[in-house]
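The structure under discussion appears below in the form of structure tokens.
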Amino acid sequence: MHKERRMLLIYIIVHGMQPGGLVLSDSMVSRHRGPEQGWALLQLLLVVLVSQAEELVCRRRGDTENPQLSEDGDIMLGGIFYFHSRWINRQDSYRHKPLPLECTSLNFRGFQAAQAMLFAIEEINNSTNLLPGISLGYKIYDSCGSIARSVRVALALANGNEILSALSEAPCTRPAEVQAIMGESSSSPCMAIATLIGPFHIPMISQFATCACLSDKTKYPSFLRTIPSDYYQSTALAQLVKHFGWTWVGAIRSNNDYDNNGMATFTETAQHLGICLEYSVAFSKTDPPVKIQTIIEMIKASTSKVIVTFLSLVDIDLLIQKLSHHNLTGYQWVGSEGWLSDSQTAAMDRHHILDGAIGLSIPKAHVSGMREFILDVKMLNLSNNEMFPEFWETLFNCKFKQSKSSAGNQRECTGHEDLTGVQNSFTDMSLMPIFYNIYKGVYAVAHALHNVLSCNKTCNNKVQLDPYTILQHIKKIKFTTKEGDDVYFNKNGDPAAKYEIINWQPTEHGIVDFVTVGLYDASLPADKQLNLLNKSLIWAKNSQQVPLSVCSEKCSPGTRKVLQKGKPVCCYDCLRCAQGEISNITDSITCVRCHSEFWSNERRDACVKKEAEFLSYEEIMGALLTAASLFGTCITAVVVFIFFRYRKTPIVRANNSELSFLLLFSLTLCFLCSLTFIGRPSEWSCMLRHTAFGITFVLCISCVLGKTIVVLMAFRATLPGSNVMKWFGPAQQKLTVLGFTLIQVIICTLWLIISPPFPFKDFDEFNHKIILQCSLGSAVGFWAVLGYIGLLAMLCFILAFLARKLPDNFNEAKFITFSMLIFCAVWITFIPAYVSSPGKFSVAVEIFAILASSFGLLFCIFIPKCYIILLKPEKNTKKNMMGKETPNSF
């Protein structure tokens with residue numbers, strides 16, 4: 001490669017010195033003749049040659065990055081933690097090289113995390129079972145909470161800082177500096193670092209980066225973590241909010257990848273669970289004050305009383321300060337594990353803004369010996385720690401001699417101070433679960449190395465370590481820590497998701513107690529993942545009552561939800577279910593129509609069986625009709641008795657007494673057949689009532705018709721030379737009645753064979769009750785029966801009308817005419833009344849028509865005769881029957 005470049009330079013020099021050669025000018029390329037330009041080009045190319053020669057040494061571009069904590073070992077591990085939480089912003093002019101990042105605000109949490117990593121490494125180095133004969137070294141960098149610096153130190157861990165001389169033909173490549181990287185604590189830096197080192201397959205294990213996006217192995221192939229993904233946390237928070245009935249909530253998040261992705265997952269899950277967000281806003285500590293003020297005004301104007309947060313520690317602290325100025329208490333805060341279990345945040349909440357907060361936390365952990373190791377601050381001084389003076393001065397509030405950062409009023413540091421009586425974030429072990437995650441991450445790498453090096457009693461030191469091979473072994477490892485916890489990674493590099501549900505409960509001394517009130521285990525079935533313990537909870541303003549946060553009150557059973565136009569689905573009105581529909585659950589979105597045999601109750605929350613309505617004997621109308629029927633039957637029986645007792649008298653014997661008895665029998669059947677219309681309809685009663693009615697009435701009308709014909713024939717028989725009575729004697733009269741009746745029997749038989757009446761439940765006539773009635777089956781059959789009765793009645797009426805003025809003291813035709821007039825009038829009015837009467841009243845109309853027509857026949861034909869028999873016996877003589885007085889006309 002270098003030979004080719006030198007040949008190219010010689011070629012350019014030779015041709016550049018020739019007349020007309022190439023010369024550099026302000027226009028980049030031009031042709032110019034003259035030796036001066038050739039010599040100038042020669043000098044320029046010689047400079048290029050010198051610079052090319054210098055590049056034969058491999059080195060990393062930019063300033064050297066030295067680790068804040070380091071120690072050599074056979075195998076090196078990297079660590080990235082933020083020992084500082086802020087840095088000084090500079091406005092670079094880009095006219096000179098930017099100065100290195102100046103970090104400020106010492107963060108003891110970063111030192112605790114580093115101590116946890118050192119503790120795990122020391123345990124492994126002292127172990128005879130894990131990596132025997134192999135020592136682990138480390139290089140730990142401070143990221144200052146800056147993503148740019150995190151990427152920079154990650155490059156330093158991957159490449160190293162040493163300047164290596166290389167031969168001209170040697171490749172400027174070498175193995176990675178470290179075999180794995182522990183950290184970072186936030187998702188955004190992890191995304192940047194994982195994107196950078198992913199193509200080189202250098203394993204990166206984070207203890208606190210929970211963004212669900214980091215589970216995407218196509219983007220972050222070498223990223224793993226010992227803390228669950230926020231996908232599970234967001235789902236658990238949504239289930240927690242749903243559990244307490246909060247359907248109308250606000251949401252606040254930090255404007256970074258971790259919190260934006262966490263809130264996005266929460267929002268999606270919440271929508272599936274019927275939870276609505278009144279507002280969802282994001283901010284960061286670098287936003288102008290007007291942005292924070294806008295959020296505060298939004299909280300004031302909101303109607304929701306629950307605020308779900310995905311916030312970093314810095315942002316929640318800033319928000320508490322701003323809310324304290326406005327005394328915004330009384331809101332129920334639901335928090336992510338990013339801040340909920342942080343004691344410093346609780347200590348800063350002096351105005352009790354977050355009292356009663358509830359949310360998720362990493363399960364509590366205890367690692368024997370870790371607390372003592374972390375608090376052994378002298379361990380930090382034993383290593384190559386350039387930050388030790390600043391750390392020591394801040395921890396013990398003292399100053400070393402010649403210290404530039406210390407104030408004049410501080411006491412002098414001796415270097416032998418102890419932590420007795422010191423209480424700050426360094427002595428607070430509330431983040432022990434996070435430190436335990438670091439511990440598990442280091443052990444995961446150690447177990448992978450143990451497998452790669454084929455360690456038993458000794459390890460194979462000749463194995464060439466490859467980050468890709470180590471990464472594959474880390475993904476497959478499964479081991480149990482000394483505390484009994486299983487450690488493994490799924491296909492996305494995530495551990496099993498388990499959380500504790502924490503409730504902030506203030507004590508009498510003003511200290512917040514983080515009480516575990518429940519557990520969440522994503523490995524269980526969906527309905528058993530969230531498990532609240534039987535413990536009392538404290539809510540906002542130290543209330544014992546679960547706060548209410550809904551856009552609309554719950555719709556009680558008997559109503560349904562109707563969405564309010566232009567508002568989220570959680571805002572709705574409650575409308576009462578329509579008649580015949582019910583809703584038996586709270587917040588029902590629909591009303592269910594009752595089965596056809598049921599109807600909704602008054603509250604519309606249950607279907608009750610419809611009342612079956614039919615004409616029964618128990619009700620007043622049924623009882624009256626029954627009484628009328630029995631009364632008519634009794635009267636008929638009395639008339640039969642009278643006629644039988646005086647059967648030999650002239651008035652009984654006139655007009656064929658046999659027809660009179662047959663007529664009385666048929667009237668008895670007519671009265672009794674009305675009883676078949678009363679009571680619950682059955683298959684037999686439906687067929688019987690109409691056929692019995694049709695046949696008995698035809699029998700009755702046939703007898704009346706026979707009597708009418710006898711009257712006419714009798715008159716003609718008295719005329720000279722007439723012998724018509726011999727053609728219409730008793731036998732012919734009986735055959736006439738039998739013939740007319742037989743025709744009706746045939747009609748009824750055909751009706752029963754083709755389409756008989758049957759019981760029928762009418763659900764349409766009335767909504768709230770069932771009408772039990774007899775369906776006609778064939779309407780043609782029914783009207784044929786009625787039509788035939790009407791035909792005989794009209795014929796009988798016409799004949800009786802013609803015979804009404806025949807000369808006779810007792811002209812029976814008069815009474816037959818009256819009876820037929822009543823009969824026809826009743827049944828003519830029956831038709832429209834029957835058709836228009838609803839339910840059981842149509843049956844009552846039919847019974848009334850039967851009884852009225854039967855009483856009409858009975859009273860018009862037989863009562864006058866009974867009157868004479870019983871009260872006027874002197875007229876019951878043959879002479880009187882044959883009298884010649886002129887009959888009264890009408």
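Going through the structure tokens in order, the chains are called A, B, and so on, while each chain numbers its residues from 1 and the ligands are numbered from 1 in the order shown.
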
**OP:** Skip region 696-707 of chain A itself and residues of its chain fewer than 3 positions away, then list as a PyMOL selection string all residues within 6 Å of it, counting only C-alpha atoms.
**Re:** chain A and resi 659+663+666+670+692-693+710+733+737+741+789+796

**OP:** Would you please give, as an NGL selection string, all residues of region 267-328 of chain A that DSSP assigns to alpha helix (DSSP H) based on the backbone?
**Re:** :A and (267-272 or 289-301 or 313-326)

Subject >> Residues within 9 Å of region 280-294 of chain A, only C-alpha atoms, excluding chain neighbours under 5 positions, as a list in words >> reply: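 The residues that qualify are Gly250, Ala251, Ile252, Arg253, Ser254, Asn255, Asn256, Asp259, Asn260, Met263, Ile299, Val314, Asp315, Leu318, Leu319 and Lys322 of chain A.
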
Same residues, C-alpha atoms, output as a short mmCIF file (atom, residue, chain, number, x, y, z; two decimals), in the first residue's frame:
data_model
loop_
_atom_site.label_atom_id
_atom_site.label_comp_id
_atom_site.auth_asym_id
_atom_site.auth_seq_id
_atom_site.Cartn_x
_atom_site.Cartn_y
_atom_site.Cartn_z
CA GLY A 250 -52.40 12.53 33.62
CA ALA A 251 -48.93 11.54 32.46
CA ILE A 252 -45.57 13.28 32.84
CA ARG A 253 -42.29 11.95 31.50
CA SER A 254 -38.71 12.97 31.00
CA ASN A 255 -37.88 13.85 27.43
CA ASN A 256 -35.43 11.03 26.74
CA ASP A 259 -39.05 7.66 29.54
CA ASN A 260 -40.57 8.31 26.09
CA MET A 263 -44.71 6.08 28.49
CA ILE A 299 -52.02 20.09 36.20
CA VAL A 314 -32.97 14.87 38.23
CA ASP A 315 -36.29 15.69 36.59
CA LEU A 318 -36.85 19.67 39.61
CA LEU A 319 -40.58 19.06 39.29
CA LYS A 322 -41.60 23.83 41.08
#

Which of region 288-451 of chain A fall in strand (DSSP E), as a compact mmCIF listing (two decimals) with N, CA and C atoms, in the first residue's frame:
# COMPACT_ATOMS: atom_id res chain seq x y z
N VAL A 306 -54.89 11.60 39.41
CA VAL A 306 -53.79 10.63 39.42
C VAL A 306 -52.80 11.02 38.34
N ILE A 307 -51.52 11.04 38.69
CA ILE A 307 -50.46 11.42 37.74
C ILE A 307 -49.49 10.26 37.63
N VAL A 308 -49.38 9.69 36.44
CA VAL A 308 -48.43 8.60 36.17
C VAL A 308 -47.15 9.22 35.63
N THR A 309 -46.02 8.82 36.19
CA THR A 309 -44.76 9.46 35.82
C THR A 309 -43.72 8.44 35.39
N PHE A 310 -42.99 8.81 34.35
CA PHE A 310 -41.74 8.15 33.97
C PHE A 310 -40.69 9.25 33.98
N GLN A 332 -52.49 12.03 43.45
CA GLN A 332 -51.97 10.69 43.66
C GLN A 332 -50.92 10.40 42.59
N TRP A 333 -49.68 10.21 43.01
CA TRP A 333 -48.57 9.98 42.09
C TRP A 333 -48.32 8.48 41.93
N VAL A 334 -48.19 8.07 40.69
CA VAL A 334 -47.84 6.69 40.37
C VAL A 334 -46.50 6.73 39.65
N GLY A 335 -45.50 6.07 40.22
CA GLY A 335 -44.14 6.25 39.70
C GLY A 335 -43.50 4.99 39.19
N ILE A 358 -47.40 5.65 44.86
CA ILE A 358 -47.37 4.19 44.71
C ILE A 358 -46.78 3.86 43.34
N GLY A 359 -46.11 2.75 43.26
CA GLY A 359 -45.50 2.37 41.99
C GLY A 359 -44.65 1.13 42.14
N LEU A 360 -43.71 1.00 41.23
CA LEU A 360 -42.92 -0.23 41.16
C LEU A 360 -41.48 0.02 41.60
N SER A 361 -40.90 -1.03 42.10
CA SER A 361 -39.50 -0.99 42.51
C SER A 361 -38.87 -2.35 42.26
N CYS A 398 -14.29 18.12 54.14
CA CYS A 398 -12.98 18.60 54.58
C CYS A 398 -12.17 18.98 53.37
N LYS A 399 -10.92 19.36 53.57
CA LYS A 399 -10.07 19.71 52.44
C LYS A 399 -8.66 19.20 52.68
N ARG A 411 -12.55 22.09 57.40
CA ARG A 411 -11.44 21.53 58.17
C ARG A 411 -10.53 20.73 57.24
N GLU A 412 -9.35 20.46 57.71
CA GLU A 412 -8.35 19.77 56.88
C GLU A 412 -8.55 18.26 56.96

Subject >> Polymer residues at most 12 Å from region 515-518 of chain A, only C-alpha atoms, same-chain spacing of 3 or more positions, as a PyMOL selection string >> reply: chain A and resi 236+240+340-341+356-364+498-507+512+521+528-538

Output the selection as a tab-separated table (two decimals), in the first residue's frame - N, CA, C and O atoms for each residue.
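Everything below was put into selection23.tsv:
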chain	number	residue	atom	x	y	z
A	236	ALA	N	-47.20	-3.39	33.94
A	236	ALA	CA	-47.54	-3.53	35.36
A	236	ALA	C	-48.16	-2.25	35.90
A	236	ALA	O	-49.13	-2.29	36.67
A	240	LEU	N	-51.81	-1.79	37.46
A	240	LEU	CA	-51.95	-1.21	38.81
A	240	LEU	C	-52.98	-0.08	38.80
A	240	LEU	O	-53.84	0.01	39.68
A	340	LEU	N	-39.04	5.98	42.32
A	340	LEU	CA	-39.98	5.71	43.40
A	340	LEU	C	-39.29	5.25	44.69
A	340	LEU	O	-39.72	5.60	45.78
A	341	SER	N	-38.23	4.49	44.58
A	341	SER	CA	-37.58	3.96	45.79
A	341	SER	C	-36.33	4.74	46.17
A	341	SER	O	-35.52	4.26	46.96
A	356	GLY	N	-47.94	9.36	49.79
A	356	GLY	CA	-48.88	8.34	49.33
A	356	GLY	C	-48.58	7.81	47.95
A	356	GLY	O	-49.39	7.04	47.40
A	357	ALA	N	-47.45	8.20	47.36
A	357	ALA	CA	-47.12	7.72	46.02
A	357	ALA	C	-47.04	6.20	46.00
A	357	ALA	O	-46.68	5.56	46.99
A	358	ILE	N	-47.40	5.65	44.86
A	358	ILE	CA	-47.37	4.19	44.71
A	358	ILE	C	-46.78	3.86	43.34
A	358	ILE	O	-46.91	4.65	42.39
A	359	GLY	N	-46.11	2.75	43.26
A	359	GLY	CA	-45.50	2.37	41.99
A	359	GLY	C	-44.65	1.13	42.14
A	359	GLY	O	-44.84	0.34	43.07
A	360	LEU	N	-43.71	1.00	41.23
A	360	LEU	CA	-42.92	-0.23	41.16
A	360	LEU	C	-41.48	0.02	41.60
A	360	LEU	O	-40.94	1.12	41.46
A	361	SER	N	-40.90	-1.03	42.10
A	361	SER	CA	-39.50	-0.99	42.51
A	361	SER	C	-38.87	-2.35	42.26
A	361	SER	O	-39.57	-3.38	42.25
A	362	ILE	N	-37.59	-2.33	42.03
A	362	ILE	CA	-36.87	-3.59	41.88
A	362	ILE	C	-36.91	-4.33	43.21
A	362	ILE	O	-36.79	-3.70	44.27
A	363	PRO	N	-37.14	-5.63	43.20
A	363	PRO	CA	-37.22	-6.36	44.47
A	363	PRO	C	-36.01	-6.14	45.36
A	363	PRO	O	-34.88	-6.03	44.87
A	364	LYS	N	-36.27	-6.04	46.65
A	364	LYS	CA	-35.18	-5.82	47.60
A	364	LYS	C	-34.18	-6.98	47.54
A	364	LYS	O	-34.55	-8.11	47.25
A	498	LYS	N	-39.68	-9.13	37.54
A	498	LYS	CA	-40.32	-9.16	38.85
A	498	LYS	C	-40.17	-7.79	39.50
A	498	LYS	O	-39.09	-7.19	39.43
A	499	TYR	N	-41.25	-7.31	40.10
A	499	TYR	CA	-41.24	-6.00	40.75
A	499	TYR	C	-41.94	-6.09	42.09
A	499	TYR	O	-42.80	-6.95	42.31
A	500	GLU	N	-41.55	-5.20	42.97
A	500	GLU	CA	-42.29	-4.97	44.19
A	500	GLU	C	-43.14	-3.72	44.01
A	500	GLU	O	-42.73	-2.77	43.34
A	501	ILE	N	-44.35	-3.71	44.58
A	501	ILE	CA	-45.21	-2.54	44.56
A	501	ILE	C	-44.97	-1.77	45.86
A	501	ILE	O	-45.18	-2.31	46.96
A	502	ILE	N	-44.50	-0.54	45.72
A	502	ILE	CA	-44.07	0.26	46.86
A	502	ILE	C	-45.07	1.39	47.11
A	502	ILE	O	-45.59	2.00	46.18
A	503	ASN	N	-45.32	1.65	48.39
A	503	ASN	CA	-46.19	2.75	48.79
A	503	ASN	C	-45.42	3.67	49.75
A	503	ASN	O	-44.83	3.22	50.72
A	504	TRP	N	-45.44	4.97	49.43
A	504	TRP	CA	-44.79	5.96	50.30
A	504	TRP	C	-45.69	6.24	51.50
A	504	TRP	O	-46.79	6.78	51.34
A	505	GLN	N	-45.23	5.87	52.67
A	505	GLN	CA	-46.00	6.08	53.88
A	505	GLN	C	-45.19	6.94	54.86
A	505	GLN	O	-44.23	6.46	55.46
A	506	PRO	N	-45.57	8.21	55.01
A	506	PRO	CA	-44.83	9.10	55.93
A	506	PRO	C	-44.95	8.63	57.38
A	506	PRO	O	-45.99	8.14	57.81
A	507	THR	N	-43.87	8.77	58.11
A	507	THR	CA	-43.86	8.40	59.53
A	507	THR	C	-44.01	9.66	60.38
A	507	THR	O	-44.03	10.79	59.88
A	512	VAL	N	-40.03	9.20	55.10
A	512	VAL	CA	-40.90	8.36	54.28
A	512	VAL	C	-40.46	6.90	54.41
A	512	VAL	O	-39.27	6.58	54.26
A	521	ASP	N	-45.26	-10.33	39.01
A	521	ASP	CA	-44.40	-11.35	38.42
A	521	ASP	C	-44.92	-11.64	37.02
A	521	ASP	O	-45.99	-12.23	36.84
A	528	LYS	N	-52.91	-13.44	37.31
A	528	LYS	CA	-52.25	-13.63	38.60
A	528	LYS	C	-50.94	-12.86	38.71
A	528	LYS	O	-50.24	-12.97	39.71
A	529	GLN	N	-50.62	-12.06	37.71
A	529	GLN	CA	-49.35	-11.34	37.73
A	529	GLN	C	-49.31	-10.28	38.82
A	529	GLN	O	-48.31	-10.12	39.50
A	530	LEU	N	-50.40	-9.54	38.97
A	530	LEU	CA	-50.48	-8.48	39.97
A	530	LEU	C	-51.08	-9.04	41.25
A	530	LEU	O	-52.21	-9.53	41.25
A	531	ASN	N	-50.34	-8.96	42.33
A	531	ASN	CA	-50.79	-9.53	43.60
A	531	ASN	C	-50.55	-8.53	44.71
A	531	ASN	O	-49.41	-8.27	45.10
A	532	LEU	N	-51.63	-7.91	45.21
A	532	LEU	CA	-51.52	-6.95	46.30
A	532	LEU	C	-51.64	-7.67	47.64
A	532	LEU	O	-52.54	-8.50	47.83
A	533	LEU	N	-50.74	-7.33	48.54
A	533	LEU	CA	-50.75	-7.95	49.85
A	533	LEU	C	-51.81	-7.31	50.73
A	533	LEU	O	-52.30	-6.21	50.44
A	534	ASN	N	-52.16	-7.99	51.78
A	534	ASN	CA	-53.19	-7.50	52.70
A	534	ASN	C	-52.57	-6.49	53.66
A	534	ASN	O	-52.39	-6.75	54.84
A	535	LYS	N	-52.25	-5.34	53.11
A	535	LYS	CA	-51.65	-4.27	53.91
A	535	LYS	C	-52.41	-2.98	53.66
A	535	LYS	O	-52.91	-2.75	52.57
A	536	SER	N	-52.46	-2.14	54.69
A	536	SER	CA	-53.13	-0.84	54.54
A	536	SER	C	-52.25	0.09	53.72
A	536	SER	O	-51.03	0.11	53.88
A	537	LEU	N	-52.88	0.86	52.86
A	537	LEU	CA	-52.16	1.79	52.01
A	537	LEU	C	-52.46	3.22	52.43
A	537	LEU	O	-53.54	3.53	52.93
A	538	ILE	N	-51.49	4.08	52.22
A	538	ILE	CA	-51.65	5.51	52.47
A	538	ILE	C	-51.72	6.20	51.11
A	538	ILE	O	-50.88	5.97	50.24
